[in-house]
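Asks: Before anything else, here's the structure in question.
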Amino acid sequence: MASAEALAPLAEPKPLAPSRLESVVVFVLAAAFVALVGALAVTQNAVDWRALAAVSHAVDVLRQEDSVNLALIGFVEPPLPSLLQLPFAWLMPGLASAGQTVWMLGAIVAGLTLYMLNAACAYLGLGRAFRWAFCTLVLLNPVFLGLMATGVPDGLYVFLLLGAGWALLRWQHREALRDLIGCSLFLGLATITRYDALIPVIVATLVITTQTLRTAGRWSKLEGTLITFLLPIVYIAGLWVLANLLIMGDAWYFWRAAWRAEPTLFGQVTAQQAVVGSVLALAPLLAATWWAFWGGASGRPRLAAGPALMLLSPAAAVLVAPGWFRPWLARAAETDLPLLPAPDLFAPLLAATLLLSAAALGDVVPLFSRKSYAKEVCLAGGAVLLAVGCLFTLGGEERIYVDPRPAFVGLPFGADNASATKAVAARLQAEDPKGTLIVAGWPGYAVTLYAGRAKDKVLFPDASPPADVGGLHADGGLLVRYELSILEAGVARDKWEKALGVRLTYDDWWGGGWMHYRMEESP
């Protein structure tokens, strides 16, 4: 028969609770700093296209038609980033069209993330001086700052995974129902932020299963616990599937969405195959990271954290010293395959690193008198390895180390430049072609957003006309994205003339890879 010690939950640490004033100060300072960097980035035309796409979807929902239409939220990318932009687009339509609301949401998410991290550090035993120093280093981390200041959906993903990890850790210690439901809600929202959130859901399910069987030893208790945990996740994800069914007529439309296949080392790879490849590539690393944290922080590094950190070491080596792997990585990067090091790694790796580091510091700082340092060395070593890895990226032939200083002049890590796109939008505003505007190419949504053409546009993701475009007529003309090295302007015009059944006249202006045609009567 199992001993009482074996059946007891993991010992809960003696938590330090930050005061309400301290928590508010942490939130305000973090949000204000990120807002400053984000606003400066907009003045420098620094942008993340995924964050801007979320703003564009929100504007479409509110402005493209006479009444609000949630069917325009977009059914390829996960919907939560766009849904969170709806209040900004409703209250501040001018700022949304200028792309300013990306950093507003990013600043709020950054404040909430540091608020939660500060509380988690206190729970794990760190005093105020240590946790403020730790939170400051996190805020100045160029990867974290870049994600938040440009409003990337991955920044929201970091916050949700951090919340899920902290809630699950508390559940391990006291098995409180509210912690289990909190973890489930965070992970449920993560699934409609990034589809690869399925990986931490699986890992959390395994952790809960192991813990419940260890402490209760009854399958009936496990059944009830897993139902309680999985039900909110299934409900949230199910709403997204149901929305696809009711609005798009296909429950799995988001999975079967028509992204064109990309050439790779292994032939043509579709979007679905790329997602599967991403899961297969990232699952060992992310699962090992979460096992390292949950196993190590729970006091069993010999069973979980040690092997997990051994699995992490090859991936960490690629992140820390990409120069060693540059020839292989350069070849892999040309294929668009999700191979390491990939941007998909940064958000989950950063979230796990923050909690792993807090757990390690919480053990090491107050307990110098311990005779055995096995757990501390395991946790601290893994935390340092992962934290250092988050400071490195390929970033070009000569740039390996990610320097935080460019963020302070409006050029945060990972941002692209929208100068050319804004110039085309300004020209479009000046010309002001009447009627509906057909925009073909990526990122056409950015051109129409900056130009304020939400109500009179038809967007196509590719420069070539789709098969079902025949008969579409638009008095506002055609704005086509072209690549001079691949596609000649005349060829593009001939294809669109044949598809639309109209004559196109070149409007004598182009820029940023775009050219505008006016439509005339059928030839």
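Naming scheme: A, B, ... for chains in displayed order of the structure tokens; residues 1 onward per chain; ligands 1 onward as shown.
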Taking 6 positions as the minimum chain separation for residues in the same chain, which residues sit within 10 Å of Gly74 (chain A) when counting only C-alpha atoms? Answer as a PyMOL selection string.
Replies: chain A and resi 53-54+56-58+60-61+82+244+254
Asks: If we count only C-alpha atoms, what is near Leu80 (chain A) at a cut-off of 8 Å, once residues fewer than 6 positions away on the same chain are taken out, given as a PyMOL selection string?
Replies: chain A and resi 189+192-193
Asks: Could you give me, as a PyMOL selection string, each residue of region 50-226 of chain A that DSSP assigns to alpha helix (DSSP H) when run on this structure's backbone?
Replies: chain A and resi 50-59+80-91+93-97+101-123+128-140+142-149+153-174+177-191+198-215+219-226
Asks: Point out the residue among A:His516, A:Arg218, A:Arg503, A:Arg427 with the least atom-to-atom distance to Leu479 (chain A), counting only C-alpha atoms.
Replies: A:His516
Asks: Measure the distance from CA of Met104 (chain A) to CA of Arg453 (chain A) in Å and round it to one decimal.
Replies: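 About the pair CA of Met104 (chain A) and CA of Arg453 (chain A): they are 22.5 Å apart.
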Asks: Tell me which protein, DNA and RNA residues are within 12 Å of region 39-41 of chain A, counting only C-alpha atoms, leaving out same-chain ones fewer than 5 positions away, and put them as an NGL selection string.
Replies: :A and (31-34 or 46-48 or 95 or 98-107 or 145-146 or 148-151 or 406-419)
Asks: If we count only C-alpha atoms, what is near region 434-442 of chain A at a cut-off of 8 Å, once residues fewer than 2 positions away on the same chain are taken out, given as a list in words?
Replies: Asp432, Gly444, Tyr445, Asp456, Lys457, Val458, Leu459, Phe460, Pro461, Asp462, Ala463, Ser464, Pro465, Ala474, Asp475, Gly476, Gly477, Leu478, Leu479, Val480, Arg481 and Tyr482 of chain A
Asks: My list of candidates is A:Ala237, A:Leu62, A:Ala425, A:Leu355. Which is closest to Tyr123 (chain A) when distances are computed with only C-alpha atoms?
Replies: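 Distance minimum relative to Tyr123 (chain A) lands on A:Leu355.
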